[in-house]
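Pasted below: my_file.cif, mmCIF, C-alpha atoms and all ligand atoms.
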```
data_work
loop_
_atom_site.group_PDB
_atom_site.id
_atom_site.type_symbol
_atom_site.label_atom_id
_atom_site.label_comp_id
_atom_site.auth_asym_id
_atom_site.auth_seq_id
_atom_site.Cartn_x
_atom_site.Cartn_y
_atom_site.Cartn_z
ATOM 1 C CA MET A 16 0.000 0.000 0.000
ATOM 2 C CA LYS A 17 1.062 3.564 -0.591
ATOM 3 C CA ILE A 18 2.414 5.448 2.406
ATOM 4 C CA SER A 19 2.911 9.195 2.071
ATOM 5 C CA GLY A 20 4.605 9.820 5.394
ATOM 6 C CA ILE A 21 5.355 8.589 8.894
ATOM 7 C CA LYS A 22 3.776 10.283 11.917
ATOM 8 C CA VAL A 23 5.437 9.563 15.252
ATOM 9 C CA ILE A 24 3.135 10.232 18.179
ATOM 10 C CA TYR A 25 4.891 10.090 21.539
ATOM 11 C CA PHE A 26 4.485 10.764 25.233
ATOM 12 C CA SER A 27 7.932 10.968 26.792
ATOM 13 C CA PRO A 28 8.503 12.778 30.113
ATOM 14 C CA THR A 29 12.188 11.827 30.445
ATOM 15 C CA GLY A 30 13.035 11.562 26.761
ATOM 16 C CA GLY A 31 13.744 7.835 26.405
ATOM 17 C CA THR A 32 10.618 7.057 24.420
ATOM 18 C CA LYS A 33 11.139 10.061 22.183
ATOM 19 C CA LYS A 34 14.715 9.102 21.394
ATOM 20 C CA ALA A 35 14.007 5.417 20.762
ATOM 21 C CA SER A 36 10.847 5.954 18.694
ATOM 22 C CA LEU A 37 12.466 8.638 16.523
ATOM 23 C CA LYS A 38 15.400 6.323 15.858
ATOM 24 C CA PHE A 39 12.985 3.577 14.851
ATOM 25 C CA ALA A 40 10.993 6.031 12.697
ATOM 26 C CA SER A 41 14.133 7.069 10.838
ATOM 27 C CA GLN A 42 14.989 3.409 10.204
ATOM 28 C CA ILE A 43 11.594 2.642 8.701
ATOM 29 C CA ALA A 44 11.482 5.976 6.823
ATOM 30 C CA ASP A 45 14.751 5.023 5.101
ATOM 31 C CA LYS A 46 13.176 1.787 3.918
ATOM 32 C CA LEU A 47 9.963 3.387 2.682
ATOM 33 C CA CYS A 48 11.614 6.611 1.427
ATOM 34 C CA VAL A 49 9.032 8.870 3.097
ATOM 35 C CA PRO A 50 9.310 11.883 5.434
ATOM 36 C CA VAL A 51 8.786 11.747 9.224
ATOM 37 C CA GLU A 52 6.727 14.177 11.300
ATOM 38 C CA ASN A 53 6.486 14.232 15.096
ATOM 39 C CA VAL A 54 3.533 14.780 17.375
ATOM 40 C CA ASP A 55 4.774 15.353 20.918
ATOM 41 C CA LEU A 56 1.968 14.702 23.408
ATOM 42 C CA THR A 57 4.099 15.064 26.530
ATOM 43 C CA GLY A 58 2.865 18.514 27.486
ATOM 44 C CA MET A 59 -0.578 19.056 28.896
ATOM 45 C CA ASP A 60 -1.447 21.711 26.315
ATOM 46 C CA ALA A 61 -0.539 19.356 23.462
ATOM 47 C CA ARG A 62 -2.964 16.816 24.905
ATOM 48 C CA LYS A 63 -5.773 19.337 24.656
ATOM 49 C CA GLY A 64 -5.585 19.274 20.838
ATOM 50 C CA GLU A 65 -7.270 16.896 18.405
ATOM 51 C CA TYR A 66 -5.106 14.984 15.949
ATOM 52 C CA HIS A 67 -6.307 13.464 12.676
ATOM 53 C CA PHE A 68 -4.340 11.000 10.579
ATOM 54 C CA ALA A 69 -5.017 9.871 7.027
ATOM 55 C CA GLY A 70 -5.226 6.350 5.661
ATOM 56 C CA ASP A 71 -1.867 6.744 3.919
ATOM 57 C CA ASP A 72 -0.084 7.921 7.094
ATOM 58 C CA LEU A 73 2.004 5.244 8.774
ATOM 59 C CA VAL A 74 1.570 6.008 12.480
ATOM 60 C CA ILE A 75 4.058 5.048 15.182
ATOM 61 C CA LEU A 76 2.343 5.281 18.558
ATOM 62 C CA ALA A 77 5.022 5.432 21.253
ATOM 63 C CA CYS A 78 4.525 5.469 24.995
ATOM 64 C CA PRO A 79 6.373 4.363 28.135
ATOM 65 C CA THR A 80 5.139 1.480 30.281
ATOM 66 C CA TYR A 81 4.022 2.454 33.774
ATOM 67 C CA ALA A 82 3.090 -0.430 36.098
ATOM 68 C CA GLY A 83 2.890 -2.786 33.126
ATOM 69 C CA ARG A 84 0.343 -0.623 31.316
ATOM 70 C CA VAL A 85 -0.076 2.632 29.405
ATOM 71 C CA PRO A 86 0.198 5.415 32.068
ATOM 72 C CA ASN A 87 -3.317 5.531 33.531
ATOM 73 C CA LYS A 88 -3.544 9.329 33.606
ATOM 74 C CA ILE A 89 -2.516 9.569 29.932
ATOM 75 C CA GLU A 90 -4.546 6.707 28.476
ATOM 76 C CA PRO A 91 -7.874 8.622 28.466
ATOM 77 C CA ASP A 92 -6.229 11.482 26.556
ATOM 78 C CA LEU A 93 -4.790 9.116 23.950
ATOM 79 C CA ARG A 94 -8.210 7.537 23.538
ATOM 80 C CA SER A 95 -9.981 10.845 23.015
ATOM 81 C CA ILE A 96 -7.634 13.064 20.974
ATOM 82 C CA LEU A 97 -6.263 10.695 18.306
ATOM 83 C CA HIS A 98 -8.328 9.972 15.201
ATOM 84 C CA PHE A 99 -7.147 7.527 12.572
ATOM 85 C CA ASP A 100 -8.830 7.067 9.209
ATOM 86 C CA GLY A 101 -7.869 3.420 8.778
ATOM 87 C CA SER A 102 -4.207 4.418 9.236
ATOM 88 C CA PRO A 103 -1.752 1.542 9.648
ATOM 89 C CA CYS A 104 -0.216 1.836 13.130
ATOM 90 C CA ILE A 105 2.923 0.446 14.716
ATOM 91 C CA VAL A 106 2.769 0.296 18.482
ATOM 92 C CA PHE A 107 6.045 1.182 20.203
ATOM 93 C CA SER A 108 6.089 0.588 23.972
ATOM 94 C CA THR A 109 9.162 1.416 25.970
ATOM 95 C CA PHE A 110 9.918 -0.082 29.364
ATOM 96 C CA GLY A 111 12.606 0.195 31.998
ATOM 97 C CA ASN A 112 14.090 -3.296 31.893
ATOM 98 C CA ARG A 113 11.582 -4.847 34.309
ATOM 99 C CA ASP A 114 8.508 -5.886 32.320
ATOM 100 C CA TYR A 115 6.312 -4.316 29.634
ATOM 101 C CA GLY A 116 3.282 -6.194 30.967
ATOM 102 C CA THR A 117 0.375 -5.686 28.561
ATOM 103 C CA ALA A 118 1.212 -2.101 27.573
ATOM 104 C CA PRO A 119 1.709 -3.000 23.856
ATOM 105 C CA TYR A 120 -1.758 -4.628 23.732
ATOM 106 C CA GLU A 121 -3.280 -1.605 25.422
ATOM 107 C CA LEU A 122 -1.633 0.780 22.953
ATOM 108 C CA ALA A 123 -2.836 -1.456 20.106
ATOM 109 C CA ASP A 124 -6.339 -1.308 21.541
ATOM 110 C CA ILE A 125 -6.164 2.502 21.717
ATOM 111 C CA ALA A 126 -5.071 2.640 18.067
ATOM 112 C CA ALA A 127 -7.788 0.194 16.949
ATOM 113 C CA SER A 128 -10.596 1.821 18.902
ATOM 114 C CA ASN A 129 -9.672 5.173 17.332
ATOM 115 C CA GLY A 130 -9.896 3.857 13.774
ATOM 116 C CA GLY A 131 -6.312 2.678 13.281
ATOM 117 C CA VAL A 132 -4.982 -0.705 12.160
ATOM 118 C CA PRO A 133 -2.279 -1.832 14.646
ATOM 119 C CA PHE A 134 -0.354 -4.397 12.615
ATOM 120 C CA ALA A 135 2.986 -4.518 14.466
ATOM 121 C CA ALA A 136 4.107 -3.903 18.026
ATOM 122 C CA GLY A 137 7.414 -3.658 19.793
ATOM 123 C CA ALA A 138 8.460 -3.355 23.425
ATOM 124 C CA PHE A 139 11.918 -1.827 23.741
ATOM 125 C CA VAL A 140 14.043 -1.216 26.812
ATOM 126 C CA VAL A 141 15.091 2.344 27.630
ATOM 127 C CA ARG A 142 16.730 3.781 30.743
ATOM 128 C CA HIS A 143 14.489 3.436 33.788
ATOM 129 C CA ALA A 144 13.197 6.882 34.741
ATOM 130 C CA PHE A 145 13.502 6.023 38.459
ATOM 131 C CA THR A 146 17.237 5.327 38.475
ATOM 132 C CA ASP A 147 20.196 5.509 36.155
ATOM 133 C CA LYS A 148 21.418 2.209 37.579
ATOM 134 C CA VAL A 149 18.836 0.292 35.522
ATOM 135 C CA ALA A 150 19.250 0.113 31.733
ATOM 136 C CA ARG A 151 21.244 3.340 31.705
ATOM 137 C CA LYS A 152 22.758 2.811 28.274
ATOM 138 C CA ARG A 153 19.668 1.419 26.535
ATOM 139 C CA PRO A 154 18.874 1.509 23.710
ATOM 140 C CA ASP A 155 22.387 0.373 22.821
ATOM 141 C CA ARG A 156 23.850 -0.893 19.585
ATOM 142 C CA GLU A 157 22.205 -4.304 19.943
ATOM 143 C CA ASP A 158 18.805 -2.682 20.554
ATOM 144 C CA LYS A 159 19.204 -0.461 17.505
ATOM 145 C CA ALA A 160 19.993 -3.525 15.373
ATOM 146 C CA GLU A 161 16.818 -5.185 16.699
ATOM 147 C CA MET A 162 14.837 -2.047 15.907
ATOM 148 C CA GLU A 163 16.272 -2.135 12.400
ATOM 149 C CA SER A 164 15.013 -5.724 11.875
ATOM 150 C CA PHE A 165 11.641 -4.723 13.297
ATOM 151 C CA ALA A 166 11.566 -1.759 10.885
ATOM 152 C CA GLU A 167 12.371 -4.079 7.997
ATOM 153 C CA MET A 168 9.645 -6.528 8.969
ATOM 154 C CA ALA A 169 7.064 -3.744 9.327
ATOM 155 C CA ALA A 170 8.103 -2.113 6.029
ATOM 156 C CA GLU A 171 7.771 -5.449 4.232
ATOM 157 C CA LYS A 172 4.271 -6.010 5.621
ATOM 158 C CA ILE A 173 3.172 -2.524 4.570
ATOM 159 C CA THR A 174 4.657 -2.882 1.107
ATOM 160 C CA ALA A 175 3.079 -6.310 0.540
ATOM 161 C CA ALA A 176 -0.437 -5.220 1.555
ATOM 162 C CA ASN A 177 -2.787 -3.565 -0.942
ATOM 163 C CA THR A 178 -4.812 -1.872 1.798
ATOM 164 C CA ALA A 179 -4.534 -1.599 5.601
ATOM 165 C CA ASP A 180 -7.528 -3.958 5.885
ATOM 166 C CA GLU A 181 -5.322 -6.813 4.674
ATOM 167 C CA LEU A 182 -2.924 -6.419 7.613
ATOM 168 C CA ASP A 183 -3.232 -8.765 10.596
ATOM 169 C CA ARG A 184 -4.130 -6.830 13.702
ATOM 170 C CA ILE A 185 -2.279 -6.976 17.011
ATOM 171 C CA LYS A 186 -4.753 -7.855 19.724
ATOM 172 C CA GLY A 187 -4.342 -9.288 23.192
ATOM 173 C CA GLU A 188 -5.790 -9.276 26.653
ATOM 174 C CA ILE A 189 -4.990 -6.243 28.791
ATOM 175 C CA GLY A 190 -3.907 -7.352 32.267
ATOM 176 C CA PRO A 191 -4.077 -5.620 35.642
ATOM 177 C CA TYR A 192 -1.638 -2.926 36.733
ATOM 178 C CA TYR A 193 1.584 -4.183 38.286
ATOM 179 C CA ARG A 194 1.808 -3.459 41.989
ATOM 180 C CA PRO A 195 5.301 -2.220 42.802
ATOM 181 C CA LEU A 196 7.269 -4.078 45.450
ATOM 182 C CA LYS A 197 9.718 -3.024 48.112
ATOM 183 C CA GLU A 198 13.051 -4.684 48.696
ATOM 184 C CA ASP A 199 11.466 -7.196 51.085
ATOM 185 C CA GLY A 200 8.855 -8.236 48.497
ATOM 186 C CA THR A 201 5.927 -6.475 50.194
ATOM 187 C CA PRO A 202 3.861 -3.863 48.297
ATOM 188 C CA ALA A 203 5.421 -0.428 47.873
ATOM 189 C CA VAL A 204 2.661 2.143 48.207
ATOM 190 C CA PHE A 205 3.727 5.496 46.835
ATOM 191 C CA LEU A 206 0.733 6.697 44.850
ATOM 192 C CA LYS A 207 0.600 9.896 46.856
ATOM 193 C CA ALA A 208 4.345 10.651 46.731
ATOM 194 C CA LYS A 209 5.304 14.011 45.239
ATOM 195 C CA PRO A 210 8.691 15.549 44.437
ATOM 196 C CA LEU A 211 10.350 17.743 47.021
ATOM 197 C CA THR A 212 12.716 20.642 46.353
ATOM 198 C CA THR A 213 15.953 21.580 48.096
ATOM 199 C CA GLU A 214 15.142 25.231 48.553
ATOM 200 C CA LYS A 215 18.691 26.543 48.599
ATOM 201 C CA ASP A 216 19.460 24.873 45.253
ATOM 202 C CA CYS A 217 16.309 26.065 43.469
ATOM 203 C CA TYR A 218 16.751 29.222 41.370
ATOM 204 C CA ARG A 219 13.069 29.297 40.383
ATOM 205 C CA CYS A 220 14.056 28.870 36.725
ATOM 206 C CA GLY A 221 10.663 27.367 35.977
ATOM 207 C CA LEU A 222 11.910 24.420 33.939
ATOM 208 C CA CYS A 223 10.161 21.897 36.198
ATOM 209 C CA VAL A 224 6.916 23.865 35.838
ATOM 210 C CA LYS A 225 7.287 23.717 32.070
ATOM 211 C CA VAL A 226 8.173 20.035 31.735
ATOM 212 C CA CYS A 227 5.617 18.583 34.157
ATOM 213 C CA PRO A 228 3.255 16.648 31.823
ATOM 214 C CA MET A 229 0.381 17.125 34.254
ATOM 215 C CA GLY A 230 0.923 20.870 34.740
ATOM 216 C CA SER A 231 1.031 20.134 38.455
ATOM 217 C CA ILE A 232 3.908 22.340 39.664
ATOM 218 C CA ASP A 233 3.030 25.890 40.691
ATOM 219 C CA PRO A 234 5.018 28.837 39.252
ATOM 220 C CA ASP A 235 6.988 29.026 42.529
ATOM 221 C CA CYS A 236 8.690 25.752 41.401
ATOM 222 C CA MET A 237 8.153 24.347 44.883
ATOM 223 C CA THR A 238 4.464 23.603 45.371
ATOM 224 C CA VAL A 239 3.043 20.528 43.682
ATOM 225 C CA SER A 240 -0.643 21.306 43.732
ATOM 226 C CA GLY A 241 -1.799 18.866 41.051
ATOM 227 C CA ILE A 242 -1.483 15.143 40.359
ATOM 228 C CA CYS A 243 2.014 13.639 40.307
ATOM 229 C CA ILE A 244 2.415 10.606 38.027
ATOM 230 C CA LYS A 245 5.988 9.981 39.285
ATOM 231 C CA CYS A 246 7.323 10.364 35.732
ATOM 232 C CA GLN A 247 10.526 12.083 37.000
ATOM 233 C CA ALA A 248 10.456 14.799 34.329
ATOM 234 C CA CYS A 249 11.076 17.470 36.993
ATOM 235 C CA VAL A 250 13.869 15.463 38.636
ATOM 236 C CA HIS A 251 15.642 14.823 35.325
ATOM 237 C CA SER A 252 15.266 18.364 33.989
ATOM 238 C CA CYS A 253 16.326 20.331 37.057
ATOM 239 C CA PRO A 254 19.660 22.006 36.223
ATOM 240 C CA THR A 255 20.703 22.137 39.900
ATOM 241 C CA ARG A 256 19.319 18.699 40.862
ATOM 242 C CA ALA A 257 17.099 20.319 43.433
ATOM 243 C CA LYS A 258 14.180 17.925 42.928
ATOM 244 C CA TYR A 259 13.965 14.578 44.675
ATOM 245 C CA PHE A 260 11.603 11.990 46.135
ATOM 246 C CA ASP A 261 11.984 10.957 49.759
ATOM 247 C CA ASP A 262 9.012 8.593 50.062
ATOM 248 C CA PRO A 263 10.404 5.474 51.825
ATOM 249 C CA ASP A 264 8.305 3.014 49.799
ATOM 250 C CA PHE A 265 9.321 4.679 46.535
ATOM 251 C CA LEU A 266 12.999 4.545 47.523
ATOM 252 C CA SER A 267 12.708 0.906 48.579
ATOM 253 C CA HIS A 268 11.094 0.066 45.210
ATOM 254 C CA VAL A 269 13.957 1.777 43.419
ATOM 255 C CA ARG A 270 16.490 -0.236 45.430
ATOM 256 C CA MET A 271 14.586 -3.420 44.537
ATOM 257 C CA LEU A 272 14.789 -2.516 40.829
ATOM 258 C CA GLU A 273 18.505 -1.803 41.129
ATOM 259 C CA ARG A 274 19.059 -5.129 42.873
ATOM 260 C CA ASP A 275 16.835 -7.374 40.750
ATOM 261 C CA PHE A 276 16.742 -5.762 37.304
ATOM 262 C CA SER A 277 20.264 -4.660 36.574
ATOM 263 C CA GLY A 278 20.802 -7.543 34.120
ATOM 264 C CA ARG A 279 19.812 -7.333 30.500
ATOM 265 C CA THR A 280 16.105 -7.757 29.732
ATOM 266 C CA GLU A 281 15.288 -8.470 26.109
ATOM 267 C CA ASN A 282 13.108 -6.451 23.777
ATOM 268 C CA ARG A 283 10.104 -8.099 22.205
ATOM 269 C CA VAL A 284 8.415 -7.637 18.871
ATOM 270 C CA PHE A 285 4.921 -8.870 18.063
HETATM 271 C C1 LIG B 1 5.640 5.709 37.159
HETATM 272 C C2 LIG B 1 6.530 4.772 36.391
HETATM 273 C C3 LIG B 1 6.206 3.427 36.330
HETATM 274 C C4 LIG B 1 7.021 2.550 35.599
HETATM 275 N N1 LIG B 1 6.676 1.226 35.500
HETATM 276 C C5 LIG B 1 7.453 0.382 34.784
HETATM 277 C C6 LIG B 1 7.113 -0.990 34.620
HETATM 278 O O1 LIG B 1 6.068 -1.458 35.058
HETATM 279 N N2 LIG B 1 7.977 -1.801 33.959
HETATM 280 C C7 LIG B 1 9.147 -1.344 33.446
HETATM 281 O O2 LIG B 1 9.918 -2.137 32.914
HETATM 282 N N3 LIG B 1 9.479 -0.024 33.513
HETATM 283 C C8 LIG B 1 8.654 0.839 34.169
HETATM 284 N N4 LIG B 1 8.977 2.155 34.248
HETATM 285 C C9 LIG B 1 10.129 2.648 33.494
HETATM 286 C C10 LIG B 1 9.661 3.328 32.227
HETATM 287 O O3 LIG B 1 8.893 2.468 31.427
HETATM 288 C C11 LIG B 1 10.827 3.871 31.447
HETATM 289 O O4 LIG B 1 11.635 4.579 32.293
HETATM 290 C C12 LIG B 1 10.207 4.748 30.406
HETATM 291 O O5 LIG B 1 10.002 4.041 29.256
HETATM 292 C C13 LIG B 1 10.786 6.077 30.259
HETATM 293 O O6 LIG B 1 10.124 6.781 29.253
HETATM 294 P P1 LIG B 1 10.507 8.292 28.978
HETATM 295 O O7 LIG B 1 12.006 8.391 29.112
HETATM 296 O O8 LIG B 1 10.046 8.516 27.607
HETATM 297 O O9 LIG B 1 9.816 9.129 30.005
HETATM 298 C C14 LIG B 1 8.181 3.037 34.968
HETATM 299 C C15 LIG B 1 8.494 4.389 35.037
HETATM 300 C C16 LIG B 1 7.683 5.253 35.724
HETATM 301 C C17 LIG B 1 8.041 6.719 35.735
#
```
Please go through the file and, once you have read it, give me the structure as structure tokens.
Amino acid sequence: MKISGIKVIYFSPTGGTKKASLKFASQIADKLCVPVENVDLTGMDARKGEYHFAGDDLVILACPTYAGRVPNKIEPDLRSILHFDGSPCIVFSTFGNRDYGTAPYELADIAASNGGVPFAAGAFVVRHAFTDKVARKRPDREDKAEMESFAEMAAEKITAANTADELDRIKGEIGPYYRPLKEDGTPAVFLKAKPLTTEKDCYRCGLCVKVCPMGSIDPDCMTVSGICIKCQACVHSCPTRAKYFDDPDFLSHVRMLERDFSGRTENRVF
């Protein structure tokens, strides 16, 4: 089938999903000889828009895995603002070396219920947003080679099909959210945790206010008055490293990840 361009739609608070999905998009664009456009849905304002895609757009829908699923505060936005006119879609889930759970199936379901045809899915490891001791250098050279094979496979399927209707659809059961564990294996409960700020190190530059995907940080850079999804965008972006989490359960979960998931977890393509 004829593809006129690739549209990469991503949500990416700490940049791993953006980087990996754009790399993958460039690999598949080279094979199909078409241009790439980005739709960045990380900011709250961007998620207030409506986005329409044509039947000859090849869509890459990229999103991090949170608790084995699509982030629960973002999923309703993705379901309501994206409109596909039979567009072929590739689902691109990223995860932090623990487990992608059923996030790829959920993304595929979002694409399908919005009029898209999810015909390929990948789950790729990127650095864990909670700690740079887990998957810090991913995607690495090996990952990029795997993405390249995935791009080739997807490009072949698209080229061989006459219409998107001929493509086999990715479909699978969406499981429950993963419940994070502490080091001792008991549940880590940190839903209410919010970032704190070391006051003496904060120059009120406003970067954290700008990057928070939920728009939850007040202009004073200190008060978190809205919902915190623990994405770590504020922690990663702060130029003076003034932002941190001190919730004991959160910290214990991070130590568990560092202890149990420092080995290499493989990517998966569907
Ligand atoms: C709140 C939260 C929950 C996460 N849950 C998981 C998970 O269940 N499994 C996993 O392997 N990685 C998990 N991660 C790691 C992210 O999937 C990984 O860091 C992410 O893909 C980063 O995307 P970004 O750099 O585009 O923000 C979680 C990260 C956050 C912030």
Please enumerate the residues selected by the PyMOL selection byres (((not hetatm)) within 6 of (chain B and resi 1)) when evaluated against the supplied file, formatted as a CSV table (one decimal) with C-alpha atoms, in the coordinates of the input.
```csv
chain,number,residue,atom,x,y,z
A,27,SER,CA,7.9,11.0,26.8
A,28,PRO,CA,8.5,12.8,30.1
A,29,THR,CA,12.2,11.8,30.4
A,30,GLY,CA,13.0,11.6,26.8
A,31,GLY,CA,13.7,7.8,26.4
A,32,THR,CA,10.6,7.1,24.4
A,33,LYS,CA,11.1,10.1,22.2
A,79,PRO,CA,6.4,4.4,28.1
A,80,THR,CA,5.1,1.5,30.3
A,81,TYR,CA,4.0,2.5,33.8
A,82,ALA,CA,3.1,-0.4,36.1
A,83,GLY,CA,2.9,-2.8,33.1
A,109,THR,CA,9.2,1.4,26.0
A,110,PHE,CA,9.9,-0.1,29.4
A,111,GLY,CA,12.6,0.2,32.0
A,112,ASN,CA,14.1,-3.3,31.9
A,113,ARG,CA,11.6,-4.8,34.3
A,114,ASP,CA,8.5,-5.9,32.3
A,115,TYR,CA,6.3,-4.3,29.6
A,141,VAL,CA,15.1,2.3,27.6
A,142,ARG,CA,16.7,3.8,30.7
A,143,HIS,CA,14.5,3.4,33.8
A,144,ALA,CA,13.2,6.9,34.7
A,244,ILE,CA,2.4,10.6,38.0
A,245,LYS,CA,6.0,10.0,39.3
A,246,CYS,CA,7.3,10.4,35.7
```
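Our summary of the geometry notes that CA of Val226 in chain A is positioned 8.3 Å from CA of Thr57 in chain A.
For Gly190 in chain A, the residues within 12 Å (counting all atoms listed in the file, excluding itself and residues fewer than 4 positions away along the chain) are Ala82, Gly83, Arg84, Val85, Tyr115, Gly116, Thr117, Ala118, Pro119, Tyr120, Glu121 and Arg194 of chain A.
Within 10 Å of Leu206 in chain A, once only C-alpha atoms are used and residues closer than 2 positions along the same chain are dropped, the contacting residues are Ala203, Val204, Ala208, Lys209, Ile242, Cys243, Ile244, Lys245, Asp262, Asp264 and Phe265 of chain A.
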I need the residues from that last selection saved to file as a tab-separated table (two decimals), keeping the file's coordinate frame (with C-alpha atoms), if you can.
```tsv
chain	number	residue	atom	x	y	z
A	203	ALA	CA	5.42	-0.43	47.87
A	204	VAL	CA	2.66	2.14	48.21
A	208	ALA	CA	4.34	10.65	46.73
A	209	LYS	CA	5.30	14.01	45.24
A	242	ILE	CA	-1.48	15.14	40.36
A	243	CYS	CA	2.01	13.64	40.31
A	244	ILE	CA	2.42	10.61	38.03
A	245	LYS	CA	5.99	9.98	39.28
A	262	ASP	CA	9.01	8.59	50.06
A	264	ASP	CA	8.30	3.01	49.80
A	265	PHE	CA	9.32	4.68	46.54
```
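CA of Met237 in chain A to CA of Asp92 in chain A spans 26.6 Å [interatomic distance, one decimal].
Of note, CA of Asp180 in chain A and CA of Ile89 in chain A are spaced 28.0 Å apart.
Look at His67 in chain A: the protein and nucleic acid residues within 7 Å of it, using only C-alpha atoms and passing over chain neighbours fewer than 3 places away, are A:Leu97, A:His98, A:Phe99.
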Q) Within 6 Å of (6.0, 19.3, 30.5), only C-alpha atoms: residues as JSON, numbers by chain? A) {"A": [58, 225, 226, 227, 228]}
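Among the candidates A:Val49, A:Ala176, A:Ala126, A:Ile43, the one nearest to Phe68 in chain A when counting only C-alpha atoms is A:Ala126.
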(Q) Is it possible to get the residues within 10 Å of (12.6, 8.2, 46.7) (coordinates as in the file, counting all atoms listed in the file) written as a PyMOL selection string? (A) chain A and resi 145-146+205+208-211+259-270
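The nearest approach to Lys63 in chain A among the residues A:Ser277, A:Ser102, A:Ser95, A:Asn87, with all atoms listed in the file taken into account, belongs to A:Ser95.
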Surrounding residues of Ala61 in chain A excluding itself and chain neighbours under 5 positions, 10 Å, all atoms listed in the file, as a compact mmCIF listing (two decimals) with C-alpha atoms, keeping the file's coordinate frame:
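New file part06.txt:
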```
# COMPACT_ATOMS: atom_id res chain seq x y z
CA VAL A 54 3.53 14.78 17.38
CA ASP A 55 4.77 15.35 20.92
CA LEU A 56 1.97 14.70 23.41
CA TYR A 66 -5.11 14.98 15.95
CA ILE A 96 -7.63 13.06 20.97
CA PRO A 228 3.26 16.65 31.82
```
Q) Mind telling me what the PyMOL selection byres (((chain A and resi 258) around 7) and not hetatm) catches here, as a PyMOL selection string? A) chain A and resi 210-213+249-250+253+256-257+259
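Of the listed residues (A:Met59, A:Leu47, A:Val132, A:Ile21), A:Val132 comes nearest to Glu181 in chain A; the distances count only C-alpha atoms.
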**Q.** From A:Ala150, A:Ala170, A:Val51, A:Cys104, residue lying nearest Leu122 in chain A [all atoms listed in the file]
**A.** A:Cys104
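With distances restricted to all atoms listed in the file, A:Gly20 is the closest residue to Asp45 in chain A from A:Gly20, A:Gly70, A:Gly64, A:Pro86.
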Q: Tell me which protein, DNA and RNA residues are within 9 Å of Asp183 in chain A, counting all atoms listed in the file, leaving out same-chain ones fewer than 4 positions away, and put them as a PyMOL selection string.
A: chain A and resi 132-135+179
Can you take the partial range 60-71 of chain A, add N, CA and C atoms, and return it as a tab-separated table (two decimals), in the frame of the given file?
```tsv
chain	number	residue	atom	x	y	z
A	60	ASP	N	-0.77	20.93	27.35
A	60	ASP	CA	-1.45	21.71	26.32
A	60	ASP	C	-1.57	20.91	25.02
A	61	ALA	N	-0.49	20.18	24.69
A	61	ALA	CA	-0.54	19.36	23.46
A	61	ALA	C	-1.66	18.33	23.55
A	62	ARG	N	-1.93	17.84	24.75
A	62	ARG	CA	-2.96	16.82	24.90
A	62	ARG	C	-4.37	17.41	24.97
A	63	LYS	N	-4.43	18.72	24.76
A	63	LYS	CA	-5.77	19.34	24.66
A	63	LYS	C	-6.19	19.45	23.19
A	64	GLY	N	-5.26	19.18	22.27
A	64	GLY	CA	-5.58	19.27	20.84
A	64	GLY	C	-6.31	18.03	20.34
A	65	GLU	N	-6.68	18.08	19.06
A	65	GLU	CA	-7.27	16.90	18.40
A	65	GLU	C	-6.36	16.60	17.22
A	66	TYR	N	-6.07	15.34	16.99
A	66	TYR	CA	-5.11	14.98	15.95
A	66	TYR	C	-5.73	13.97	14.99
A	67	HIS	N	-5.70	14.32	13.71
A	67	HIS	CA	-6.31	13.46	12.68
A	67	HIS	C	-5.22	12.92	11.75
A	68	PHE	N	-5.34	11.64	11.44
A	68	PHE	CA	-4.34	11.00	10.58
A	68	PHE	C	-5.04	10.32	9.41
A	69	ALA	N	-4.40	10.40	8.25
A	69	ALA	CA	-5.02	9.87	7.03
A	69	ALA	C	-4.70	8.39	6.85
A	70	GLY	N	-5.41	7.77	5.93
A	70	GLY	CA	-5.23	6.35	5.66
A	70	GLY	C	-3.86	6.02	5.07
A	71	ASP	N	-3.20	7.03	4.46
A	71	ASP	CA	-1.87	6.74	3.92
A	71	ASP	C	-0.75	7.27	4.84
```
